[in-house]
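Enquirer: I am attaching a structure below and will ask some questions about it afterwards.
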Amino acid sequence: MITEEHLTGFLMMHAGFRAEFGRLAEACANPRDDTHEELLEEQLALVLDMLHAHHAHEDAVLWPTLAGRAPQAADVLAELESEHAVLDPLIAAASDRGVPLPGRAPTLRRLHEVVNEHLDHEERAVVPLMLRHLTLDDVEADKRRAMDDFGRRRVPVIFGWLASSADAGLLAASYADLPVVARLMFRLFWWPAYRRRFTRLYGTTAPANALLES
């Protein structure tokens with residue numbers, strides 16, 4: 001049996017999705033210049049890719065695993081999968097570079113709303129199932145899959161994005177779970193670099209965090 005601490009990675013991704021589409025909707029409504037617009041496109045593409053990978057893993061692996069171990073949950077898992085399908089047209093519209101960023105800002109605002117509603121439902125319905133029915137081996141396999149989805153070159157930016165989105169308790173649990181070398185790299189290089197990126201993206205400073213900045 002696992003504990004909620006074992007689900008830190010899963011919940012960190014949720015925190016990232018909860019925050020970033022709202023930030024992007026506001027910034028994309030009025031890019032400052034071509035350089036800012038391209039950075040916003042890059043950030044948007046990254047977060048949409050991570051959302052797609054997260055949902056694809058749930059549909060292909062996590063939901064079938066839980067349905068096999070908790071057959072009584074099959075209906076709610078099917079409902080959550082159907083919510084992914086509702087999100088797909090919004091994701092496609094947000095990805096359409098044929099539409100200028102300001103034209104996609106309303107889609108991003110709607111995506112922000114629908115993603116948060118979906119994640120609320122998912123955390124109410126699925127986290128208790130995960131705690132009862134997943135094993136440590138399942139969790140470790142998910143971690144390996146997530147790192148494959150990230151890709152080594154994108155890890156610093158993804159870690160920075162997630163750290164800018166999580167509350168202090170979730171971030172502390174995630175940080176403690178990193179290997180020592182990754183913690184050192186994150187504190188000394190990845191987080192300072194992401195704070196600069198955050199300012200370029202959103203025109204303000206990233207949320208302060210005593211854990212990373214002490």
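Residue names in the structure tokens use chain letters A, B, ... in the order shown, residue numbers from 1 in each chain, and ligand numbers from 1 in the order shown.
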Which polymer residues have any atom within 8 Å of an atom of Leu90 (chain A), counting only C-alpha atoms, with same-chain residues fewer than 3 positions away left out, as a list in words?
Expert: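 Contacts, in chain order: Val86, Leu87, Ala93, Ala94, Thr107, Leu108, Arg110 and Leu111 of chain A.
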Enquirer: How would the residues just chosen look if you wrote them out with N, CA, C and O atoms as a PDB file, in the first residue's frame?
Expert:
ATOM      1  N   VAL A  86     -13.466  15.588 -23.985  1.00  0.00           N
ATOM      2  CA  VAL A  86     -14.024  16.941 -23.996  1.00  0.00           C
ATOM      3  C   VAL A  86     -12.906  17.978 -24.085  1.00  0.00           C
ATOM      4  O   VAL A  86     -13.046  19.021 -24.749  1.00  0.00           O
ATOM      5  N   LEU A  87     -11.789  17.696 -23.436  1.00  0.00           N
ATOM      6  CA  LEU A  87     -10.652  18.627 -23.449  1.00  0.00           C
ATOM      7  C   LEU A  87      -9.925  18.643 -24.791  1.00  0.00           C
ATOM      8  O   LEU A  87      -9.297  19.649 -25.145  1.00  0.00           O
ATOM      9  N   ALA A  93      -7.327  23.536 -30.349  1.00  0.00           N
ATOM     10  CA  ALA A  93      -7.482  24.959 -30.673  1.00  0.00           C
ATOM     11  C   ALA A  93      -6.363  25.790 -30.058  1.00  0.00           C
ATOM     12  O   ALA A  93      -5.845  26.719 -30.690  1.00  0.00           O
ATOM     13  N   ALA A  94      -5.971  25.455 -28.831  1.00  0.00           N
ATOM     14  CA  ALA A  94      -4.884  26.189 -28.172  1.00  0.00           C
ATOM     15  C   ALA A  94      -3.555  25.961 -28.883  1.00  0.00           C
ATOM     16  O   ALA A  94      -2.652  26.814 -28.821  1.00  0.00           O
ATOM     17  N   THR A 107      -9.642  30.748 -25.643  1.00  0.00           N
ATOM     18  CA  THR A 107      -9.560  29.283 -25.553  1.00  0.00           C
ATOM     19  C   THR A 107      -8.740  28.860 -24.348  1.00  0.00           C
ATOM     20  O   THR A 107      -9.096  27.905 -23.639  1.00  0.00           O
ATOM     21  N   LEU A 108      -7.653  29.556 -24.097  1.00  0.00           N
ATOM     22  CA  LEU A 108      -6.812  29.230 -22.946  1.00  0.00           C
ATOM     23  C   LEU A 108      -7.540  29.502 -21.633  1.00  0.00           C
ATOM     24  O   LEU A 108      -7.389  28.734 -20.675  1.00  0.00           O
ATOM     25  N   ARG A 110     -10.768  29.253 -21.227  1.00  0.00           N
ATOM     26  CA  ARG A 110     -11.712  28.155 -21.091  1.00  0.00           C
ATOM     27  C   ARG A 110     -10.996  26.853 -20.733  1.00  0.00           C
ATOM     28  O   ARG A 110     -11.481  26.075 -19.905  1.00  0.00           O
ATOM     29  N   LEU A 111      -9.839  26.628 -21.322  1.00  0.00           N
ATOM     30  CA  LEU A 111      -9.055  25.440 -20.995  1.00  0.00           C
ATOM     31  C   LEU A 111      -8.663  25.453 -19.525  1.00  0.00           C
ATOM     32  O   LEU A 111      -8.730  24.410 -18.843  1.00  0.00           O
TER      33      LEU A 111
END
Enquirer: Report the closest atom pair, with its distance in Å rounded to one decimal, for each residue of region 62-107 of chain A that has an atom no farther than 6 Å from region 23-30 of chain A; count only C-alpha atoms, sort by chain and then rising residue number, and write it as CSV.
Expert:
residue,atom,partner,partner_atom,distance
A:Leu101,CA,A:Cys28,CA,5.3
A:Pro102,CA,A:Ala29,CA,4.2
A:Ala105,CA,A:Ala25,CA,4.7
Enquirer: Could you check the closest approach to Val126 (chain A) for each of A:Ala193, A:Ala146, A:Leu62, A:Ile91 and tell me which residue wins, using only C-alpha atoms?
Expert: A:Leu62
Enquirer: Which residues come within 12 Å of Val76 (chain A), counting only C-alpha atoms, excluding same-chain residues fewer than 2 positions away, as a CSV table (one decimal) with N, CA and C atoms, in the first residue's frame?
Expert:
chain,number,residue,atom,x,y,z
A,63,TRP,N,-5.9,4.1,-15.8
A,63,TRP,CA,-7.3,3.7,-15.6
A,63,TRP,C,-7.5,2.2,-15.8
A,64,PRO,N,-6.9,1.6,-16.8
A,64,PRO,CA,-7.1,0.1,-16.9
A,64,PRO,C,-6.6,-0.6,-15.7
A,66,LEU,N,-6.4,0.5,-12.6
A,66,LEU,CA,-7.3,0.7,-11.5
A,66,LEU,C,-8.6,-0.1,-11.7
A,67,ALA,N,-9.1,-0.1,-13.0
A,67,ALA,CA,-10.4,-0.8,-13.2
A,67,ALA,C,-10.2,-2.3,-13.0
A,70,ALA,N,-10.1,-2.6,-9.1
A,70,ALA,CA,-11.3,-2.1,-8.4
A,70,ALA,C,-12.4,-2.0,-9.5
A,71,PRO,N,-13.0,-3.1,-9.9
A,71,PRO,CA,-14.0,-3.1,-10.9
A,71,PRO,C,-15.2,-2.2,-10.6
A,72,GLN,N,-15.5,-2.0,-9.3
A,72,GLN,CA,-16.6,-1.2,-9.0
A,72,GLN,C,-16.4,0.3,-9.4
A,73,ALA,N,-15.1,0.6,-9.7
A,73,ALA,CA,-14.8,2.0,-10.1
A,73,ALA,C,-14.8,2.2,-11.6
A,74,ALA,N,-15.2,1.2,-12.4
A,74,ALA,CA,-15.1,1.3,-13.9
A,74,ALA,C,-15.9,2.4,-14.4
A,78,ALA,N,-14.4,5.5,-16.6
A,78,ALA,CA,-14.9,5.8,-17.9
A,78,ALA,C,-15.3,7.3,-18.1
A,79,GLU,N,-15.9,7.8,-17.0
A,79,GLU,CA,-16.4,9.2,-17.0
A,79,GLU,C,-15.2,10.1,-17.1
A,80,LEU,N,-14.1,9.8,-16.4
A,80,LEU,CA,-12.9,10.7,-16.4
A,80,LEU,C,-12.2,10.6,-17.8
A,81,GLU,N,-12.3,9.4,-18.4
A,81,GLU,CA,-11.7,9.3,-19.8
A,81,GLU,C,-12.5,10.1,-20.8
A,82,SER,N,-13.8,10.1,-20.6
A,82,SER,CA,-14.7,10.9,-21.5
A,82,SER,C,-14.4,12.4,-21.3
A,83,GLU,N,-14.0,12.8,-20.1
A,83,GLU,CA,-13.6,14.2,-19.9
A,83,GLU,C,-12.4,14.6,-20.6
A,121,HIS,N,-12.3,16.8,-10.1
A,121,HIS,CA,-13.0,15.5,-10.2
A,121,HIS,C,-12.1,14.3,-10.0
A,122,GLU,N,-11.0,14.4,-10.7
A,122,GLU,CA,-10.0,13.3,-10.7
A,122,GLU,C,-9.4,13.1,-9.3
A,123,GLU,N,-9.1,14.2,-8.7
A,123,GLU,CA,-8.5,14.0,-7.3
A,123,GLU,C,-9.5,13.5,-6.3
A,124,ARG,N,-10.7,13.9,-6.5
A,124,ARG,CA,-11.8,13.4,-5.6
A,124,ARG,C,-12.0,11.9,-5.8
A,125,ALA,N,-12.0,11.5,-7.1
A,125,ALA,CA,-12.4,10.1,-7.4
A,125,ALA,C,-11.3,9.2,-7.4
A,126,VAL,N,-10.1,9.6,-7.9
A,126,VAL,CA,-9.0,8.7,-8.3
A,126,VAL,C,-8.0,8.6,-7.2
A,129,LEU,N,-8.5,5.8,-4.9
A,129,LEU,CA,-8.4,4.5,-5.6
A,129,LEU,C,-6.9,4.2,-5.7
Enquirer: Closest to His84 (chain A) among A:Arg145, A:His52, A:His133, A:Arg154, using only C-alpha atoms?
Expert: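 The answer is A:His52, which sits nearest to His84 (chain A).
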Enquirer: Quick check, in Å to one decimal: how far apart do CA of Met50 (chain A) and CA of Leu162 (chain A) lie?
Expert: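 Atom-to-atom, CA of Met50 (chain A) and CA of Leu162 (chain A) are spaced 11.3 Å apart.
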Enquirer: Rank A:Glu140, A:Glu213, A:Asp167, A:Glu113 by their smallest atom-to-atom distance to Leu188 (chain A), using only C-alpha atoms, and report the top residue only.
Expert: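 Of A:Glu140, A:Glu213, A:Asp167, A:Glu113, the one nearest Leu188 (chain A), counting only C-alpha atoms, is A:Glu213.
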Enquirer: As a PDB file with N, CA, C and O atoms, in the first residue's frame, please: the residues near Leu134 (chain A) (cut-off 10 Å, only C-alpha atoms, same-chain neighbours under 6 positions excluded).
Expert:
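The file below, result_7.pdb, is the result:
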ATOM      1  N   MET A   1       0.857  -1.205   0.000  1.00  0.00           N
ATOM      2  CA  MET A   1       0.000   0.000   0.000  1.00  0.00           C
ATOM      3  C   MET A   1       0.888   1.250   0.000  1.00  0.00           C
ATOM      4  O   MET A   1       1.938   1.278   0.634  1.00  0.00           O
ATOM      5  N   ILE A   2       0.452   2.261  -0.748  1.00  0.00           N
ATOM      6  CA  ILE A   2       1.233   3.489  -0.829  1.00  0.00           C
ATOM      7  C   ILE A   2       0.566   4.580   0.007  1.00  0.00           C
ATOM      8  O   ILE A   2      -0.562   4.435   0.469  1.00  0.00           O
ATOM      9  N   THR A   3       1.288   5.696   0.183  1.00  0.00           N
ATOM     10  CA  THR A   3       0.756   6.863   0.881  1.00  0.00           C
ATOM     11  C   THR A   3       0.687   8.039  -0.092  1.00  0.00           C
ATOM     12  O   THR A   3       1.209   7.969  -1.213  1.00  0.00           O
ATOM     13  N   HIS A   6       3.725   9.194  -1.965  1.00  0.00           N
ATOM     14  CA  HIS A   6       4.138   8.480  -3.171  1.00  0.00           C
ATOM     15  C   HIS A   6       3.479   9.050  -4.425  1.00  0.00           C
ATOM     16  O   HIS A   6       3.912   8.751  -5.539  1.00  0.00           O
ATOM     17  N   LEU A  62      -3.080   3.856 -16.438  1.00  0.00           N
ATOM     18  CA  LEU A  62      -3.565   4.030 -15.064  1.00  0.00           C
ATOM     19  C   LEU A  62      -5.020   3.615 -14.910  1.00  0.00           C
ATOM     20  O   LEU A  62      -5.366   2.863 -13.991  1.00  0.00           O
ATOM     21  N   THR A  65      -5.451  -0.175 -15.167  1.00  0.00           N
ATOM     22  CA  THR A  65      -4.905  -0.823 -13.974  1.00  0.00           C
ATOM     23  C   THR A  65      -5.881  -0.715 -12.811  1.00  0.00           C
ATOM     24  O   THR A  65      -6.177  -1.706 -12.128  1.00  0.00           O
ATOM     25  N   LEU A  66      -6.403   0.481 -12.580  1.00  0.00           N
ATOM     26  CA  LEU A  66      -7.336   0.675 -11.469  1.00  0.00           C
ATOM     27  C   LEU A  66      -8.646  -0.074 -11.714  1.00  0.00           C
ATOM     28  O   LEU A  66      -9.215  -0.662 -10.787  1.00  0.00           O
ATOM     29  N   ARG A  69      -8.234  -3.676 -10.791  1.00  0.00           N
ATOM     30  CA  ARG A  69      -8.102  -3.954  -9.357  1.00  0.00           C
ATOM     31  C   ARG A  69      -9.314  -3.487  -8.550  1.00  0.00           C
ATOM     32  O   ARG A  69      -9.497  -3.924  -7.409  1.00  0.00           O
TER      33      ARG A  69
END
Enquirer: Where in chain A does DSSP assign alpha helix (DSSP H), given as a PyMOL selection string?
Expert: chain A and resi 8-28+34-57+63-69+74-95+101-125+127-133+136-150+155-163+168-176+180-185+191-202+210-213
Enquirer: Would you please work out which residue, of A:Leu48, A:Val61, A:Met185, A:Leu178, is nearest to Glu20 (chain A) when using only C-alpha atoms?
Expert: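 Smallest separation from Glu20 (chain A) among the options: A:Leu48.
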Enquirer: Just checking: using only C-alpha atoms, which residue out of A:Arg196, A:Gly151, A:His36, A:Ala85 ends up closest to His118 (chain A)?
Expert: A:Ala85
